[in-house]
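To keep things clear, I will list the structure first and then write my remarks on it.
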Amino acid sequence: MVRGIRPFVEGRRAIDFKGCPTHCRPISILPPCADVFHKIQNQVVTTVGRMGKRIVLEFSNRLSLVIEPRMTGLVLMSHPPDTTHLRFELKFSGRRQFNSIWFWDRRGLGTVRLFDPDQRENALGKTRLGPDALEITEAQWRERLGRTRRAIKTALLDQKLVAGIGNIYASEILHRARIDPQRCADSLNSNELKRLAVAVRSVLELAIELEGSTLGDGTYRNALNKPGQYQNEHRVYMRDGEQCTTCNRATILRMVQTQRSTFHCSYCQKWSGWLIE
DNA sequence: ATTAATGTTCAGAA
DNA sequence: TTTCTGAACATTAA
């Protein structure tokens, strides 16, 4: 998402911020849209970045607009699919190919917040989010996973433990690392931790390169409203009942852990105790 | 027609 | 303290 909007947004001056149309139930936008508009109008976007799964637009007056898309939020440079689920439009000055960011969110679980520079650190910063999934070291994995007895799959989804892994990639990562999703996080041996650290990087880097996963019902789209391609690389996610293409020995299973689906291969990810690598 | 599922997070309870 | 549950919401498939 960040890569998709950055070239069209950095260096541009905000001239309008409009909230929901009247028929659209307002999502969580803080402060209210009118205040956001007054605080960022005529400010230039200095950087487009992210913290974990959140998109951060920083303005020349040091305010940060933080978008948290959650399940179905899309950050678009082109017009959204419909106006029913449009949550805000941010307009820029000048006449170029794209002149607005649209935030479109079908379920409306997403949030949008504007932070002062001093709030930023506490409110969304490192005290609340764990180390980024693309940066975290093997030593950090050992230290942080060693402090929880939850299932490893559940631990990977905890943004305070590590920031940036969601439900699809938790399953894909554990399959790649050949780790049973139900294993206690603090029971992973050194080889398993090593495999996990490598799998997190390789799965996420390829997924980012391929612009994410657009499943059958097709919720996720990139900034130009085009589908991603990582769904073609899925080895387990939404493939329950199919033969595992990695081992050709077992069927992909689906189970529920802390109210979320987990997919895994019972052969590739067989619980192997502390002895076997 | 219900029910359960869906790239998520958080408060409040166990 | 840590971990689990339900709710916020819209839409679709079983």
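Residues are referred to by chain and number: the chain letter is A, B, ... according to the order shown in the structure tokens, the number counts from 1 in that chain, and ligands are numbered separately from 1 in the order shown.
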Quiz prompt | Nearby residues (only C-alpha atoms (C1' of nucleotides)) at most 8 Å from Arg239 of chain A, same-chain spacing under 6 positions excluded, as a list in words | solution =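 What passes the distance filter is Ile252, Leu253 and Phe263 of chain A.
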Got time to write the residues from that selection, N, CA and C atoms, as a PDB file, in the first residue's frame?
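Result file out_21.pdb:
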```
ATOM      1  N   ILE A 252      -4.081 -30.778   3.501  1.00  0.00           N
ATOM      2  CA  ILE A 252      -4.070 -29.530   4.281  1.00  0.00           C
ATOM      3  C   ILE A 252      -5.295 -29.496   5.192  1.00  0.00           C
ATOM      4  N   LEU A 253      -5.066 -29.156   6.438  1.00  0.00           N
ATOM      5  CA  LEU A 253      -6.141 -29.097   7.431  1.00  0.00           C
ATOM      6  C   LEU A 253      -6.419 -27.660   7.833  1.00  0.00           C
ATOM      7  N   PHE A 263      -4.313 -22.809   8.886  1.00  0.00           N
ATOM      8  CA  PHE A 263      -4.180 -23.883   7.912  1.00  0.00           C
ATOM      9  C   PHE A 263      -2.792 -24.477   8.050  1.00  0.00           C
TER      10      PHE A 263
END
```
Quiz item: What's the 7 Å shell around segment 64-74 of chain A, counting only C-alpha atoms (C1' of nucleotides), without same-chain residues fewer than 4 positions away, as a ChimeraX atom specification?
Solution: /A:53-59,103-107,109-116,219-221 /B:7-8
Quiz item: In segment 115-199 of chain A, what's alpha helix (DSSP H) per DSSP? Answer as a ChimeraX atom specification?
Solution: /A:117-124,138-145,152-156,167-176,190-199
Give me a file of those residues, with N, CA and C atoms, as a short mmCIF file (atom, residue, chain, number, x, y, z; two decimals), in the first residue's frame.
```cif
data_model
loop_
_atom_site.label_atom_id
_atom_site.label_comp_id
_atom_site.auth_asym_id
_atom_site.auth_seq_id
_atom_site.Cartn_x
_atom_site.Cartn_y
_atom_site.Cartn_z
N PRO A 117 3.15 15.37 17.02
CA PRO A 117 4.47 14.73 17.07
C PRO A 117 4.73 14.05 18.41
N ASP A 118 4.32 14.67 19.51
CA ASP A 118 4.62 14.09 20.82
C ASP A 118 3.72 12.91 21.15
N GLN A 119 2.54 12.88 20.57
CA GLN A 119 1.64 11.75 20.79
C GLN A 119 2.11 10.51 20.04
N ARG A 120 2.75 10.77 18.92
CA ARG A 120 3.02 9.70 17.97
C ARG A 120 3.75 8.52 18.62
N GLU A 121 4.78 8.83 19.36
CA GLU A 121 5.59 7.77 19.94
C GLU A 121 4.78 6.89 20.89
N ASN A 122 4.05 7.54 21.80
CA ASN A 122 3.28 6.78 22.78
C ASN A 122 2.07 6.10 22.18
N ALA A 123 1.35 6.85 21.36
CA ALA A 123 0.05 6.37 20.93
C ALA A 123 0.13 5.25 19.91
N LEU A 124 1.14 5.25 19.06
CA LEU A 124 1.19 4.18 18.07
C LEU A 124 2.59 3.65 17.89
N GLU A 138 17.04 -12.84 15.17
CA GLU A 138 16.82 -14.15 15.76
C GLU A 138 16.88 -14.09 17.28
N ALA A 139 17.78 -13.27 17.79
CA ALA A 139 17.88 -13.11 19.25
C ALA A 139 16.59 -12.54 19.83
N GLN A 140 16.01 -11.57 19.10
CA GLN A 140 14.74 -11.00 19.57
C GLN A 140 13.61 -12.02 19.54
N TRP A 141 13.60 -12.84 18.48
CA TRP A 141 12.59 -13.90 18.43
C TRP A 141 12.70 -14.79 19.66
N ARG A 142 13.93 -15.21 19.97
CA ARG A 142 14.14 -16.13 21.10
C ARG A 142 13.66 -15.49 22.40
N GLU A 143 14.07 -14.25 22.58
CA GLU A 143 13.73 -13.55 23.81
C GLU A 143 12.21 -13.35 23.95
N ARG A 144 11.56 -12.94 22.85
CA ARG A 144 10.15 -12.58 22.95
C ARG A 144 9.24 -13.80 22.94
N LEU A 145 9.57 -14.80 22.10
CA LEU A 145 8.74 -16.01 22.09
C LEU A 145 8.94 -16.81 23.38
N ILE A 152 2.33 -20.89 18.98
CA ILE A 152 3.18 -20.05 18.14
C ILE A 152 2.37 -19.26 17.12
N LYS A 153 1.33 -19.86 16.56
CA LYS A 153 0.49 -19.15 15.58
C LYS A 153 -0.15 -17.91 16.22
N THR A 154 -0.67 -18.09 17.41
CA THR A 154 -1.29 -16.98 18.13
C THR A 154 -0.26 -15.90 18.45
N ALA A 155 0.91 -16.32 18.86
CA ALA A 155 1.97 -15.37 19.20
C ALA A 155 2.37 -14.53 17.99
N LEU A 156 2.44 -15.15 16.80
CA LEU A 156 2.83 -14.41 15.59
C LEU A 156 1.84 -13.30 15.25
N ASN A 167 -3.14 -12.89 9.54
CA ASN A 167 -3.61 -14.27 9.60
C ASN A 167 -3.15 -15.13 8.42
N ILE A 168 -3.17 -14.58 7.21
CA ILE A 168 -2.72 -15.35 6.05
C ILE A 168 -1.26 -15.74 6.22
N TYR A 169 -0.43 -14.74 6.52
CA TYR A 169 1.01 -14.97 6.52
C TYR A 169 1.47 -15.76 7.72
N ALA A 170 0.73 -15.74 8.84
CA ALA A 170 1.09 -16.59 9.97
C ALA A 170 1.07 -18.06 9.55
N SER A 171 0.01 -18.46 8.87
CA SER A 171 -0.08 -19.85 8.40
C SER A 171 0.99 -20.17 7.37
N GLU A 172 1.17 -19.28 6.40
CA GLU A 172 2.15 -19.51 5.35
C GLU A 172 3.57 -19.60 5.90
N ILE A 173 3.88 -18.73 6.86
CA ILE A 173 5.21 -18.69 7.47
C ILE A 173 5.49 -19.99 8.22
N LEU A 174 4.52 -20.45 9.02
CA LEU A 174 4.75 -21.66 9.81
C LEU A 174 4.88 -22.89 8.93
N HIS A 175 4.17 -22.90 7.80
CA HIS A 175 4.34 -24.03 6.88
C HIS A 175 5.74 -24.02 6.28
N ARG A 176 6.16 -22.86 5.87
CA ARG A 176 7.50 -22.70 5.31
C ARG A 176 8.58 -23.10 6.32
N SER A 190 16.47 -24.05 18.83
CA SER A 190 17.26 -23.08 18.09
C SER A 190 17.14 -23.24 16.57
N ASN A 191 17.07 -24.48 16.11
CA ASN A 191 16.88 -24.69 14.68
C ASN A 191 15.52 -24.19 14.21
N GLU A 192 14.52 -24.42 15.02
CA GLU A 192 13.18 -23.97 14.65
C GLU A 192 13.10 -22.45 14.64
N LEU A 193 13.72 -21.83 15.61
CA LEU A 193 13.75 -20.36 15.62
C LEU A 193 14.44 -19.82 14.39
N LYS A 194 15.51 -20.48 14.00
CA LYS A 194 16.26 -20.06 12.82
C LYS A 194 15.37 -20.18 11.58
N ARG A 195 14.71 -21.31 11.45
CA ARG A 195 13.81 -21.51 10.30
C ARG A 195 12.68 -20.49 10.30
N LEU A 196 12.16 -20.20 11.49
CA LEU A 196 11.09 -19.21 11.60
C LEU A 196 11.56 -17.84 11.12
N ALA A 197 12.74 -17.43 11.60
CA ALA A 197 13.27 -16.11 11.25
C ALA A 197 13.44 -15.99 9.73
N VAL A 198 13.93 -17.05 9.11
CA VAL A 198 14.12 -17.04 7.66
C VAL A 198 12.77 -17.02 6.94
N ALA A 199 11.84 -17.83 7.42
CA ALA A 199 10.54 -17.94 6.76
C ALA A 199 9.77 -16.62 6.82
#
```
Quiz item: Hey, can you check how far atom CA of Asn232 of chain A sits from atom CA of Ala177 of chain A?
Solution: 18.8 Å
Practice problem: Tell me the residues of chain B close to chain A, meaning within 12 Å using only C-alpha atoms (C1' of nucleotides), as JSON, numbers by chain. | Solution: {"B": [4, 5, 6, 7, 8, 9, 10]}
Self-check item: Nearest to chain C, chosen from A:His38, A:Glu242, A:Met51, A:Gln257, with only C-alpha atoms (C1' of nucleotides) counted in the distances
Solution: A:Gln257
Per-residue nearest contacts of chain C to chain A (7 Å; only C-alpha atoms (C1' of nucleotides)) as a Markdown table:
```
| residue | atom | partner | partner_atom | distance |
| --- | --- | --- | --- | --- |
| C:DA8 | C1' | A:Leu109 | CA | 6.8 |
| C:DC9 | C1' | A:Arg107 | CA | 4.8 |
| C:DA10 | C1' | A:Arg107 | CA | 4.7 |
```
Export of prior selection with N, CA and C atoms (P, O5', C5', C4', C3', O3' and C1' of nucleotides) as a PDB file, in the first residue's frame:
```
ATOM      1  P    DA C   8     -21.510  -4.306  19.430  1.00  0.00           P
ATOM      2  O5'  DA C   8     -20.664  -3.561  18.303  1.00  0.00           O
ATOM      3  C5'  DA C   8     -19.887  -2.408  18.641  1.00  0.00           C
ATOM      4  C4'  DA C   8     -18.870  -2.184  17.557  1.00  0.00           C
ATOM      5  C3'  DA C   8     -19.426  -2.331  16.135  1.00  0.00           C
ATOM      6  O3'  DA C   8     -19.951  -1.078  15.694  1.00  0.00           O
ATOM      7  C1'  DA C   8     -17.269  -3.346  16.373  1.00  0.00           C
ATOM      8  P    DC C   9     -21.303  -1.107  14.858  1.00  0.00           P
ATOM      9  O5'  DC C   9     -20.868  -1.732  13.465  1.00  0.00           O
ATOM     10  C5'  DC C   9     -19.908  -1.068  12.649  1.00  0.00           C
ATOM     11  C4'  DC C   9     -19.619  -1.918  11.448  1.00  0.00           C
ATOM     12  C3'  DC C   9     -20.869  -2.394  10.710  1.00  0.00           C
ATOM     13  O3'  DC C   9     -21.062  -1.553   9.602  1.00  0.00           O
ATOM     14  C1'  DC C   9     -19.162  -4.059  10.821  1.00  0.00           C
ATOM     15  P    DA C  10     -22.444  -1.699   8.779  1.00  0.00           P
ATOM     16  O5'  DA C  10     -21.971  -2.665   7.590  1.00  0.00           O
ATOM     17  C5'  DA C  10     -20.889  -2.285   6.764  1.00  0.00           C
ATOM     18  C4'  DA C  10     -20.635  -3.387   5.757  1.00  0.00           C
ATOM     19  C3'  DA C  10     -21.881  -3.845   4.998  1.00  0.00           C
ATOM     20  O3'  DA C  10     -21.530  -3.898   3.631  1.00  0.00           O
ATOM     21  C1'  DA C  10     -20.808  -5.704   6.008  1.00  0.00           C
TER      22       DA C  10
END
```
Practice problem: Would you mind telling me which residue in A:Gly146, A:Gln269, A:Tyr230, A:Ile5 lies nearest to Leu204 of chain A when using only C-alpha atoms? | Solution: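 Answer, going by the shortest atom-to-atom distance: A:Tyr230.
The spacing separating atom CA of Val48 of chain A from atom CA of Pro81 of chain A amounts to 23.7 Å.
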Exercise. Could you give me the residues within segment 36-235 of chain A that DSSP places in strand (DSSP E), as a VMD selection string?
Key: chain A and resid 45 to 51 54 to 59 64 to 68 73 to 76 86 to 92 100 to 105 111 to 115
